[in-house]
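Visitor: What follows is my_file13.pdb; its format and atoms are PDB, C-alpha atoms.
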```
ATOM      1  CA  MET A   2       0.000   0.000   0.000
ATOM      2  CA  ALA A   3       1.326   3.462  -0.883
ATOM      3  CA  ARG A   4       2.268   5.746   1.956
ATOM      4  CA  ASN A   5       0.553   9.083   2.577
ATOM      5  CA  LYS A   6       3.399  11.586   2.868
ATOM      6  CA  VAL A   7       1.069  14.536   3.566
ATOM      7  CA  LEU A   8      -0.542  12.784   6.538
ATOM      8  CA  GLU A   9       2.860  11.571   7.737
ATOM      9  CA  GLN A  10       4.100  15.170   7.775
ATOM     10  CA  LEU A  11       1.041  16.408   9.676
ATOM     11  CA  LEU A  12       1.355  13.716  12.348
ATOM     12  CA  GLY A  13       5.123  14.066  12.520
ATOM     13  CA  ASP A  14       4.788  17.804  13.119
ATOM     14  CA  ASP A  15       2.069  17.323  15.753
ATOM     15  CA  LEU A  16       4.115  14.732  17.651
ATOM     16  CA  ALA A  17       7.582  16.243  17.225
ATOM     17  CA  GLN A  18       7.789  17.621  20.769
ATOM     18  CA  VAL A  19       6.267  14.619  22.558
ATOM     19  CA  ARG A  20       8.789  12.750  24.697
ATOM     20  CA  GLY A  21       9.010   9.006  24.166
ATOM     21  CA  ILE A  22       7.824   9.031  20.526
ATOM     22  CA  THR A  23       9.453   6.741  17.984
ATOM     23  CA  GLU A  24       8.472   6.102  14.375
ATOM     24  CA  LYS A  25       8.680   3.128  12.062
ATOM     25  CA  ALA A  26       7.208   1.549   8.962
ATOM     26  CA  MET A  27       4.229  -0.600   9.882
ATOM     27  CA  PHE A  28       0.959  -1.884   8.379
ATOM     28  CA  GLY A  29       1.861  -0.650   4.897
ATOM     29  CA  GLY A  30       2.281   2.890   6.188
ATOM     30  CA  TRP A  31       4.087   4.804   8.905
ATOM     31  CA  ALA A  32       3.435   4.403  12.639
ATOM     32  CA  TRP A  33       4.190   6.372  15.800
ATOM     33  CA  LEU A  34       4.796   4.652  19.108
ATOM     34  CA  LEU A  35       4.830   6.150  22.593
ATOM     35  CA  ASN A  36       7.173   4.389  24.998
ATOM     36  CA  GLY A  37       7.009   1.347  22.714
ATOM     37  CA  ASN A  38       3.188   1.239  22.491
ATOM     38  CA  LEU A  39       1.462   1.850  19.179
ATOM     39  CA  LEU A  40      -0.192   5.286  19.192
ATOM     40  CA  CYS A  41      -1.288   6.133  15.650
ATOM     41  CA  GLY A  42      -0.513   5.562  12.027
ATOM     42  CA  ALA A  43      -0.650   7.104   8.587
ATOM     43  CA  ARG A  44      -1.667   5.033   5.595
ATOM     44  CA  ASN A  45      -2.906   5.866   2.158
ATOM     45  CA  ASP A  46      -6.407   4.892   3.279
ATOM     46  CA  GLY A  47      -6.503   7.167   6.338
ATOM     47  CA  MET A  48      -5.244   8.073   9.778
ATOM     48  CA  LEU A  49      -5.314   5.270  12.359
ATOM     49  CA  VAL A  50      -5.715   6.323  15.984
ATOM     50  CA  ARG A  51      -5.602   4.222  19.157
ATOM     51  CA  LEU A  52      -8.159   5.491  21.648
ATOM     52  CA  GLY A  53      -8.528   2.348  23.757
ATOM     53  CA  LYS A  54     -11.467  -0.004  24.188
ATOM     54  CA  GLY A  55     -14.523   1.875  25.348
ATOM     55  CA  ASN A  56     -13.002   5.272  24.513
ATOM     56  CA  ASP A  57     -13.948   5.421  20.844
ATOM     57  CA  ALA A  58     -17.734   6.031  20.931
ATOM     58  CA  ARG A  59     -17.489   9.822  20.892
ATOM     59  CA  ALA A  60     -15.039   9.807  17.997
ATOM     60  CA  LEU A  61     -17.195   7.332  16.053
ATOM     61  CA  ALA A  62     -20.102   9.784  16.213
ATOM     62  CA  THR A  63     -18.048  12.204  14.067
ATOM     63  CA  PRO A  64     -18.604  12.080  10.291
ATOM     64  CA  GLY A  65     -15.498  10.749   8.569
ATOM     65  CA  ILE A  66     -14.484   8.496  11.472
ATOM     66  CA  ALA A  67     -15.106   4.753  11.359
ATOM     67  CA  PRO A  68     -13.904   1.720  13.290
ATOM     68  CA  MET A  69     -10.588   0.343  12.103
ATOM     69  CA  ILE A  70     -11.206  -2.978  10.349
ATOM     70  CA  THR A  71      -8.427  -5.552  10.015
ATOM     71  CA  GLN A  72      -8.967  -8.788   8.124
ATOM     72  CA  GLY A  73     -12.710  -8.133   8.168
ATOM     73  CA  ARG A  74     -12.894  -7.659  11.944
ATOM     74  CA  PRO A  75     -13.232  -4.422  13.897
ATOM     75  CA  MET A  76     -10.277  -3.457  16.081
ATOM     76  CA  HIS A  77     -12.048  -2.210  19.205
ATOM     77  CA  GLY A  78     -10.506   0.982  20.537
ATOM     78  CA  TRP A  79      -9.046   1.954  17.162
ATOM     79  CA  ILE A  80     -10.540   4.347  14.617
ATOM     80  CA  ARG A  81      -9.771   5.303  11.019
ATOM     81  CA  ALA A  82     -10.159   8.948  10.003
ATOM     82  CA  THR A  83     -10.676  10.259   6.467
ATOM     83  CA  PRO A  84      -8.897  13.304   5.001
ATOM     84  CA  GLU A  85     -11.844  15.533   5.949
ATOM     85  CA  VAL A  86     -11.075  14.701   9.570
ATOM     86  CA  TYR A  87      -7.271  14.641   9.673
ATOM     87  CA  GLU A  88      -6.905  17.779   7.556
ATOM     88  CA  ASP A  89      -8.874  19.678  10.223
ATOM     89  CA  ASP A  90      -6.016  20.696  12.557
ATOM     90  CA  ALA A  91      -8.171  21.005  15.673
ATOM     91  CA  LEU A  92      -9.938  17.683  15.149
ATOM     92  CA  ARG A  93      -6.707  15.830  14.339
ATOM     93  CA  ARG A  94      -4.992  17.260  17.408
ATOM     94  CA  ASN A  95      -7.959  16.367  19.638
ATOM     95  CA  LEU A  96      -7.785  12.781  18.398
ATOM     96  CA  LEU A  97      -4.040  12.711  19.027
ATOM     97  CA  LYS A  98      -4.508  14.111  22.528
ATOM     98  CA  ALA A  99      -7.020  11.369  23.315
ATOM     99  CA  ALA A 100      -4.635   8.769  21.884
ATOM    100  CA  LEU A 101      -1.736  10.151  23.936
ATOM    101  CA  ASP A 102      -3.845  10.158  27.104
ATOM    102  CA  PHE A 103      -4.797   6.517  26.585
ATOM    103  CA  THR A 104      -1.378   5.309  25.502
ATOM    104  CA  ARG A 105       0.322   7.017  28.451
ATOM    105  CA  SER A 106      -1.802   4.804  30.705
ATOM    106  CA  LEU A 107      -0.134   1.681  29.304
ATOM    107  CA  PRO A 108       3.054   0.164  30.749
ATOM    108  CA  LYS A 109       6.223   1.102  28.862
ATOM    109  CA  LYS A 110       7.653  -1.572  26.620
TER     110      LYS A 110
END
```
So that I can check it, write out the structure of this file as structure tokens.
Guide:
Amino acid sequence: MARNKVLEQLLGDDLAQVRGITEKAMFGGWAWLLNGNLLCGARNDGMLVRLGKGNDARALATPGIAPMITQGRPMHGWIRATPEVYEDDALRRNLLKAALDFTRSLPKK
């Protein structure tokens, strides 16, 4: 799958000052990890965001946000955002803040 360089740049800029962030190729795109835990990703088919099980209902009520589906099964606690969502700076940053809050609650790897 082709990578989305525009989305990668947006996420990279948003996360540049966050301590504990690493990046690597993953899932046919580019991923960001916080203290070794997967946080979010950029793929040609959208922005992937880890909100945690039970924390995704509010995001899913937003047009342009859907559950992340892998091999035909929903990944509970993960969402996929379309360009209309991730190109909105405030909305993208709110999703990232929620992802950071959740991922910081996980043990470091």
Visitor: With a distance cut-off of 10 Å and all atoms listed in the file, select the neighbouring residues of region 79-89 of chain A, excluding the residue or stretch itself and same-chain residues fewer than 6 positions from it, and output the selection as an MDAnalysis selection string.
Guide: chainID A and resid 7:8 11:12 40:58 60:61 63:70 96 100
Visitor: Write the residues you've just listed into a file as a PDB file, in the coordinates of the input, and include C-alpha atoms for each of them.
Guide:
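Saved to again_18.pdb:
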```pdb
ATOM      1  CA  VAL A   7       1.069  14.536   3.566  1.00  0.00           C
ATOM      2  CA  LEU A   8      -0.542  12.784   6.538  1.00  0.00           C
ATOM      3  CA  LEU A  11       1.041  16.408   9.676  1.00  0.00           C
ATOM      4  CA  LEU A  12       1.355  13.716  12.348  1.00  0.00           C
ATOM      5  CA  LEU A  40      -0.192   5.286  19.192  1.00  0.00           C
ATOM      6  CA  CYS A  41      -1.288   6.133  15.650  1.00  0.00           C
ATOM      7  CA  GLY A  42      -0.513   5.562  12.027  1.00  0.00           C
ATOM      8  CA  ALA A  43      -0.650   7.104   8.587  1.00  0.00           C
ATOM      9  CA  ARG A  44      -1.667   5.033   5.595  1.00  0.00           C
ATOM     10  CA  ASN A  45      -2.906   5.866   2.158  1.00  0.00           C
ATOM     11  CA  ASP A  46      -6.407   4.892   3.279  1.00  0.00           C
ATOM     12  CA  GLY A  47      -6.503   7.167   6.338  1.00  0.00           C
ATOM     13  CA  MET A  48      -5.244   8.073   9.778  1.00  0.00           C
ATOM     14  CA  LEU A  49      -5.314   5.270  12.359  1.00  0.00           C
ATOM     15  CA  VAL A  50      -5.715   6.323  15.984  1.00  0.00           C
ATOM     16  CA  ARG A  51      -5.602   4.222  19.157  1.00  0.00           C
ATOM     17  CA  LEU A  52      -8.159   5.491  21.648  1.00  0.00           C
ATOM     18  CA  GLY A  53      -8.528   2.348  23.757  1.00  0.00           C
ATOM     19  CA  LYS A  54     -11.467  -0.004  24.188  1.00  0.00           C
ATOM     20  CA  GLY A  55     -14.523   1.875  25.348  1.00  0.00           C
ATOM     21  CA  ASN A  56     -13.002   5.272  24.513  1.00  0.00           C
ATOM     22  CA  ASP A  57     -13.948   5.421  20.844  1.00  0.00           C
ATOM     23  CA  ALA A  58     -17.734   6.031  20.931  1.00  0.00           C
ATOM     24  CA  ALA A  60     -15.039   9.807  17.997  1.00  0.00           C
ATOM     25  CA  LEU A  61     -17.195   7.332  16.053  1.00  0.00           C
ATOM     26  CA  THR A  63     -18.048  12.204  14.067  1.00  0.00           C
ATOM     27  CA  PRO A  64     -18.604  12.080  10.291  1.00  0.00           C
ATOM     28  CA  GLY A  65     -15.498  10.749   8.569  1.00  0.00           C
ATOM     29  CA  ILE A  66     -14.484   8.496  11.472  1.00  0.00           C
ATOM     30  CA  ALA A  67     -15.106   4.753  11.359  1.00  0.00           C
ATOM     31  CA  PRO A  68     -13.904   1.720  13.290  1.00  0.00           C
ATOM     32  CA  MET A  69     -10.588   0.343  12.103  1.00  0.00           C
ATOM     33  CA  ILE A  70     -11.206  -2.978  10.349  1.00  0.00           C
ATOM     34  CA  LEU A  96      -7.785  12.781  18.398  1.00  0.00           C
ATOM     35  CA  ALA A 100      -4.635   8.769  21.884  1.00  0.00           C
TER      36      ALA A 100
END
```
Visitor: Smallest atom-to-atom distance to Arg105 (chain A): which of A:Gly73, A:Gly30, A:Gly21, A:Gly78, using all atoms listed in the file?
Guide: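 Nearest candidate to Arg105 (chain A) out of A:Gly73, A:Gly30, A:Gly21, A:Gly78: A:Gly21.
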Visitor: Restricting the calculation to all atoms listed in the file, which member of A:Phe28, A:Gly13, A:Thr104, A:Asn36 is positioned closest to Thr71 (chain A)?
Guide: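 Of the candidates, the smallest distance to Thr71 (chain A) is held by A:Phe28.
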Visitor: Ranking A:Met27, A:Val19, A:Ala3, A:Leu39 by minimum distance to Lys109 (chain A) and counting all atoms listed in the file, which one comes first?
Guide: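 So, comparing all the options, the nearest one is A:Leu39.
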Visitor: Give me, please, the distance in Å between CA of Leu34 (chain A) and CA of Ile22 (chain A), quoted to one decimal.
Guide: 5.5 Å
Visitor: Between CA of Ala32 (chain A) and CA of Arg59 (chain A), what is the distance, to one decimal in Å?
Guide: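 If I compute the distance from CA of Ala32 (chain A) to CA of Arg59 (chain A), I get 23.1 Å.
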Visitor: Figure out the distance between CA of Gln18 (chain A) and CA of Lys6 (chain A), please, to one decimal in Å.
Guide: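 These atoms are spaced 19.4 Å apart.
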Visitor: With 3 Å on each side, where is the centre of the axis-aligned box around all listed atoms of region 53-70 of chain A, and how long are its edges in Å to one decimal, as JSON?
Guide:
```
{"center_x": -14.3, "center_y": 4.6, "center_z": 17.0, "size_x": 17.6, "size_y": 21.2, "size_z": 22.8}
```
